[in-house]
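Undergrad: Pasting a structure here, questions to come.
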Amino acid sequence: MEIILVRHGESTANAAGVLAGRDDTVDLTDRGLVQVREARALVPELAGEKKLSVFTSPIHRCVRTAEELVAADGDAPSVPFSVLDDLSEVDYGEWTGRSIRALLKEPLWDTVRRTPSVARFPGGESLAEVAARSHSALTRACELAAAEGAKAVVLVSHGDVIKLMLAHALGLEVDLFQRIAVAPASVSRFVVGKAESVPPMTVTMLGATARGRRAEARHPGGGR
């Protein structure tokens with residue numbers, strides 16, 4: 001099964017330097033919509049190249065991204081998608097809605113950057129918990145896709161969730177996931193082999209964008 005990970009396009013929170021978390025009122029910017037439309041070129045399967053299943057986080061900016069990503073284009077019909085709750089954004093708890101500039105002064109910030117496996121956001125999730133549910137989302141999506149006879153799965157999600165799935169595919173511990181950066185509307189790919197495959201997963205694309213935009217890895221959520 002080929003797994004295609006797509007981060008939502010630039011959001012109003014990204015543009016404002018705010019940690020959106022699970023704020024469902026955050027939308028894509030006009031630039032973010034353009035980014036997603038350009039990202040379609042990195043997912044040729046959407047044109048019917050092979051049967052695929054598409055799943056998205058329930059958060060509005062991801063649903064909006066999925067809508068744009070799978071929309072009918074020329075002779076290619078629109079592709080249906082489903083919501084998968086475990087693809088949701090990190091619950092940043094009391095950090096939700098705060099400016100990145102202010103969060104840089106928090107002692108927890110250094111833990112999130114250096115030893116994220118022990119970091120828990122005040123009133124929210126731990127990154128270890130996010131890693132566990134991102135793995136569950138991957139497993140569930142593959143099961144549902146296989147039942148539909150799909151050969152590829154598109155998962156539309158958020159920066160930290162995608163980075164944790166990629167770390168898992170690369171065989172990296174949670175404490176190393178911050179070495180990965182994924183820009184808004186970036187596309188990553190890996191292949192899940194059979195149970196006896198060595199290695200079990202092979203990463204074939206990491207954080208690619210239609211125009212080669214740079215991802216800033218220093219911010220939770222994968223940067224702008």
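Order determines the names: the first chain of the structure tokens is A, the second B, and so forth; residues in each chain are numbered 1 upward, and ligands are numbered 1 upward as they are shown.
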Using 8 Å as the limit and counting only C-alpha atoms, can you tabulate each residue of stretch 4-101 of chain A that touches stretch 191-210 of chain A, with its shortest atom-to-atom distance in Å and the two atoms involved, as a Markdown table?
TA:
```
| residue | atom | partner | partner_atom | distance |
| --- | --- | --- | --- | --- |
| A:Gln35 | CA | A:Ala210 | CA | 7.6 |
| A:Glu38 | CA | A:Ala210 | CA | 5.8 |
| A:Ala39 | CA | A:Ala210 | CA | 5.5 |
| A:Ala41 | CA | A:Ala210 | CA | 7.3 |
| A:Leu42 | CA | A:Ala210 | CA | 7.1 |
```
Undergrad: Tell me which protein, DNA and RNA residues are within 9 Å of A:Thr115, counting only C-alpha atoms, leaving out same-chain ones fewer than 6 positions away, and put them as number ranges by chain.
TA: A: 174-176
Undergrad: Out of A:Leu104, A:Ala76, A:Ala128, A:Val156, which residue has the shortest atom-to-atom distance to A:Cys62 when counting only C-alpha atoms?
TA: A:Val156
Undergrad: Could you tell me which of A:Val130, A:Leu84, A:Thr96, A:Arg61 comes closest to A:His168 if we count only C-alpha atoms?
TA: A:Val130
Undergrad: So which bits of stretch 57-177 of chain A end up strand (DSSP E) when you DSSP the backbone, as a PDB file with C-alpha atoms, in the first residue's frame?
TA:
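Final output, out.pdb:
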```
ATOM      1  CA  SER A  82     -13.918  10.317   4.534  1.00  0.00           C
ATOM      2  CA  VAL A  83     -13.118  11.816   7.935  1.00  0.00           C
ATOM      3  CA  ALA A 152      -2.985   3.949  -2.395  1.00  0.00           C
ATOM      4  CA  VAL A 153      -4.190   6.040   0.557  1.00  0.00           C
ATOM      5  CA  VAL A 154      -4.178   9.839   0.832  1.00  0.00           C
ATOM      6  CA  LEU A 155      -4.169  11.181   4.395  1.00  0.00           C
ATOM      7  CA  VAL A 156      -4.804  14.916   4.858  1.00  0.00           C
ATOM      8  CA  SER A 157      -3.595  16.031   8.264  1.00  0.00           C
TER       9      SER A 157
END
```
Undergrad: If we count only C-alpha atoms and set the cut-off at 10 Å, which residues sit around A:Phe81, ignoring sequence neighbours fewer than 3 positions away in its own chain? Please answer as a CSV table (one decimal) with C-alpha atoms, in the first residue's frame.
TA:
```csv
chain,number,residue,atom,x,y,z
A,52,LEU,CA,-7.2,5.2,-4.0
A,53,SER,CA,-8.9,6.0,-0.7
A,54,VAL,CA,-8.8,9.5,0.8
A,55,PHE,CA,-9.1,10.4,4.5
A,56,THR,CA,-8.9,13.7,6.3
A,63,VAL,CA,-11.5,19.2,5.3
A,66,ALA,CA,-9.3,17.7,1.1
A,67,GLU,CA,-12.2,19.3,-0.8
A,70,VAL,CA,-10.0,15.9,-4.7
A,78,SER,CA,-13.9,14.3,-8.1
A,84,LEU,CA,-10.8,9.9,10.2
A,154,VAL,CA,-4.2,9.8,0.8
A,155,LEU,CA,-4.2,11.2,4.4
A,156,VAL,CA,-4.8,14.9,4.9
```
Undergrad: Near stretch 85-92 of chain A, within 9 Å and counting only C-alpha atoms, which residues show up once chain neighbours fewer than 3 positions away are dropped, as a count of residues only?
TA: 36
Undergrad: Which is closest to A:Phe177 among A:Val18, A:Ala141, A:Val112, A:Val34, if we use only C-alpha atoms?
TA: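 Nearest candidate to A:Phe177 out of A:Val18, A:Ala141, A:Val112, A:Val34: A:Val112.
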Undergrad: Measure the distance from atom CA of A:Ala185 to atom CA of A:Leu103 in Å and round it to one decimal.
TA: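 Interatomic distance here is 24.2 Å.
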Undergrad: Using 12 Å as the limit and counting only C-alpha atoms, can you tabulate each residue of stretch 182-219 of chain A that touches stretch 27-33 of chain A, with its shortest atom-to-atom distance in Å and the two atoms involved, as a tab-separated table?
TA:
```
residue	atom	partner	partner_atom	distance
A:Ala183	CA	A:Gly32	CA	10.9
A:Pro184	CA	A:Gly32	CA	7.5
A:Ala185	CA	A:Gly32	CA	7.5
A:Ser186	CA	A:Gly32	CA	11.0
```
Undergrad: Would you output that residue set with all heavy atoms, as a PDB file, in the first residue's frame?
TA:
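Below is the file part-v3.pdb, written as the result:
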```pdb
ATOM      1  N   ALA A 183       6.123  21.528   5.085  1.00  0.00           N
ATOM      2  CA  ALA A 183       5.500  22.830   4.829  1.00  0.00           C
ATOM      3  C   ALA A 183       4.004  22.664   4.572  1.00  0.00           C
ATOM      4  O   ALA A 183       3.531  21.574   4.243  1.00  0.00           O
ATOM      5  CB  ALA A 183       6.165  23.482   3.619  1.00  0.00           C
ATOM      6  N   PRO A 184       3.232  23.745   4.694  1.00  0.00           N
ATOM      7  CA  PRO A 184       1.825  23.675   4.297  1.00  0.00           C
ATOM      8  C   PRO A 184       1.682  23.196   2.854  1.00  0.00           C
ATOM      9  O   PRO A 184       2.452  23.576   1.979  1.00  0.00           O
ATOM     10  CB  PRO A 184       1.357  25.133   4.453  1.00  0.00           C
ATOM     11  CG  PRO A 184       2.227  25.683   5.531  1.00  0.00           C
ATOM     12  CD  PRO A 184       3.564  25.051   5.281  1.00  0.00           C
ATOM     13  N   ALA A 185       0.694  22.336   2.640  1.00  0.00           N
ATOM     14  CA  ALA A 185       0.406  21.763   1.316  1.00  0.00           C
ATOM     15  C   ALA A 185       1.561  20.927   0.771  1.00  0.00           C
ATOM     16  O   ALA A 185       1.644  20.709  -0.433  1.00  0.00           O
ATOM     17  CB  ALA A 185       0.004  22.841   0.324  1.00  0.00           C
ATOM     18  N   SER A 186       2.442  20.455   1.653  1.00  0.00           N
ATOM     19  CA  SER A 186       3.512  19.568   1.198  1.00  0.00           C
ATOM     20  C   SER A 186       2.987  18.141   1.094  1.00  0.00           C
ATOM     21  O   SER A 186       1.999  17.765   1.732  1.00  0.00           O
ATOM     22  CB  SER A 186       4.711  19.621   2.146  1.00  0.00           C
ATOM     23  OG  SER A 186       4.354  19.151   3.432  1.00  0.00           O
TER      24      SER A 186
END
```
Undergrad: Which one is closest to A:Glu94: A:Asp23, A:Gly149, A:Ala181, A:Arg189? Count only C-alpha atoms.
TA: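 Smallest distance to A:Glu94 is found for A:Asp23.
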Undergrad: Skipping near chain neighbours, those fewer than 5 positions away, what residues fall within 7 Å of A:Lys151 using only C-alpha atoms, listed as a ChimeraX atom specification?
TA: /A:1-2,50-52
Undergrad: What gap, in Å, lies between atom CA of A:Pro77 and atom CA of A:Val43?
TA: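 Separation between atom CA of A:Pro77 and atom CA of A:Val43: 14.3 Å.
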Undergrad: Residues of stretch 24-122 of chain A classed as alpha helix (DSSP H) by DSSP on the backbone are to be reported as a ChimeraX atom specification.
TA: /A:30-39,60-70,100-103,107-114
Undergrad: Please dump the current selection as a short mmCIF file (atom, residue, chain, number, x, y, z; two decimals), in the first residue's frame; keep N, CA, C and O atoms.
TA:
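Below is the file selection07.cif, written as the result:
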```cif
data_model
loop_
_atom_site.label_atom_id
_atom_site.label_comp_id
_atom_site.auth_asym_id
_atom_site.auth_seq_id
_atom_site.Cartn_x
_atom_site.Cartn_y
_atom_site.Cartn_z
N ASP A 30 -6.06 32.63 1.08
CA ASP A 30 -6.11 32.52 -0.38
C ASP A 30 -4.84 31.85 -0.90
O ASP A 30 -4.89 31.05 -1.84
N ARG A 31 -3.71 32.19 -0.29
CA ARG A 31 -2.44 31.57 -0.68
C ARG A 31 -2.46 30.07 -0.39
O ARG A 31 -1.96 29.27 -1.17
N GLY A 32 -3.09 29.71 0.72
CA GLY A 32 -3.19 28.30 1.08
C GLY A 32 -4.01 27.52 0.07
O GLY A 32 -3.68 26.37 -0.27
N LEU A 33 -5.08 28.12 -0.43
CA LEU A 33 -5.91 27.45 -1.44
C LEU A 33 -5.11 27.23 -2.72
O LEU A 33 -5.19 26.15 -3.34
N VAL A 34 -4.32 28.21 -3.12
CA VAL A 34 -3.47 28.07 -4.30
C VAL A 34 -2.46 26.96 -4.08
O VAL A 34 -2.21 26.13 -4.97
N GLN A 35 -1.86 26.90 -2.89
CA GLN A 35 -0.88 25.87 -2.58
C GLN A 35 -1.48 24.47 -2.75
O GLN A 35 -0.84 23.57 -3.32
N VAL A 36 -2.69 24.29 -2.26
CA VAL A 36 -3.33 22.98 -2.35
C VAL A 36 -3.62 22.61 -3.80
O VAL A 36 -3.40 21.47 -4.23
N ARG A 37 -4.10 23.57 -4.57
CA ARG A 37 -4.38 23.30 -5.99
C ARG A 37 -3.11 22.92 -6.73
O ARG A 37 -3.12 22.03 -7.59
N GLU A 38 -2.01 23.56 -6.38
CA GLU A 38 -0.73 23.23 -7.01
C GLU A 38 -0.23 21.85 -6.56
O GLU A 38 0.43 21.14 -7.32
N ALA A 39 -0.56 21.48 -5.34
CA ALA A 39 -0.11 20.19 -4.80
C ALA A 39 -0.72 19.01 -5.54
O ALA A 39 -0.19 17.89 -5.50
N HIS A 60 -11.52 21.82 10.26
CA HIS A 60 -11.98 22.51 9.05
C HIS A 60 -10.89 22.77 8.02
O HIS A 60 -11.10 22.57 6.82
N ARG A 61 -9.70 23.23 8.45
CA ARG A 61 -8.66 23.56 7.47
C ARG A 61 -8.19 22.34 6.69
O ARG A 61 -7.74 22.47 5.55
N CYS A 62 -8.31 21.16 7.30
CA CYS A 62 -7.96 19.93 6.58
C CYS A 62 -9.09 19.48 5.67
O CYS A 62 -8.87 19.04 4.54
N VAL A 63 -10.33 19.59 6.16
CA VAL A 63 -11.48 19.25 5.32
C VAL A 63 -11.50 20.14 4.08
O VAL A 63 -11.73 19.66 2.96
N ARG A 64 -11.22 21.42 4.28
CA ARG A 64 -11.18 22.36 3.15
C ARG A 64 -10.06 21.98 2.18
O ARG A 64 -10.23 22.06 0.95
N THR A 65 -8.94 21.55 2.72
CA THR A 65 -7.82 21.09 1.88
C THR A 65 -8.23 19.86 1.08
O THR A 65 -7.97 19.77 -0.13
N ALA A 66 -8.87 18.92 1.75
CA ALA A 66 -9.30 17.69 1.06
C ALA A 66 -10.29 18.01 -0.05
O ALA A 66 -10.22 17.44 -1.15
N GLU A 67 -11.21 18.93 0.21
CA GLU A 67 -12.19 19.32 -0.81
C GLU A 67 -11.49 19.86 -2.06
O GLU A 67 -11.87 19.51 -3.19
N GLU A 68 -10.50 20.71 -1.85
CA GLU A 68 -9.78 21.29 -2.99
C GLU A 68 -8.92 20.23 -3.68
O GLU A 68 -8.80 20.22 -4.91
N LEU A 69 -8.34 19.36 -2.89
CA LEU A 69 -7.42 18.36 -3.43
C LEU A 69 -8.14 17.37 -4.35
O LEU A 69 -7.61 16.99 -5.40
N VAL A 70 -9.34 16.96 -3.96
CA VAL A 70 -10.03 15.91 -4.70
C VAL A 70 -11.06 16.45 -5.69
O VAL A 70 -11.76 15.67 -6.35
N ILE A 100 3.09 32.19 18.60
CA ILE A 100 4.34 31.44 18.64
C ILE A 100 5.41 32.25 19.38
O ILE A 100 6.19 31.71 20.17
N ARG A 101 5.42 33.55 19.15
CA ARG A 101 6.43 34.40 19.79
C ARG A 101 6.33 34.30 21.31
O ARG A 101 7.36 34.23 22.01
N ALA A 102 5.12 34.28 21.85
CA ALA A 102 4.94 34.16 23.30
C ALA A 102 5.33 32.77 23.79
O ALA A 102 5.95 32.62 24.85
N LEU A 103 5.00 31.76 23.00
CA LEU A 103 5.30 30.38 23.40
C LEU A 103 6.80 30.10 23.43
O LEU A 103 7.26 29.23 24.18
N PRO A 107 9.11 27.48 29.28
CA PRO A 107 10.11 26.42 29.52
C PRO A 107 9.80 25.12 28.78
O PRO A 107 10.71 24.41 28.35
N LEU A 108 8.50 24.82 28.63
CA LEU A 108 8.11 23.59 27.94
C LEU A 108 8.56 23.57 26.49
O LEU A 108 8.75 22.49 25.90
N TRP A 109 8.74 24.74 25.90
CA TRP A 109 9.13 24.80 24.49
C TRP A 109 10.42 24.01 24.25
O TRP A 109 10.52 23.26 23.26
N ASP A 110 11.38 24.15 25.15
CA ASP A 110 12.65 23.46 24.97
C ASP A 110 12.47 21.95 25.05
O ASP A 110 13.11 21.19 24.33
N THR A 111 11.56 21.50 25.92
CA THR A 111 11.26 20.06 26.02
C THR A 111 10.63 19.55 24.73
O THR A 111 10.98 18.48 24.22
N VAL A 112 9.71 20.33 24.19
CA VAL A 112 9.04 19.96 22.93
C VAL A 112 10.07 19.82 21.82
O VAL A 112 9.95 18.93 20.96
N ARG A 113 11.07 20.66 21.83
CA ARG A 113 12.09 20.62 20.78
C ARG A 113 13.13 19.51 21.00
O ARG A 113 13.55 18.84 20.06
N ARG A 114 13.56 19.32 22.26
CA ARG A 114 14.69 18.42 22.53
C ARG A 114 14.28 17.00 22.92
O ARG A 114 14.90 16.04 22.48
#
```
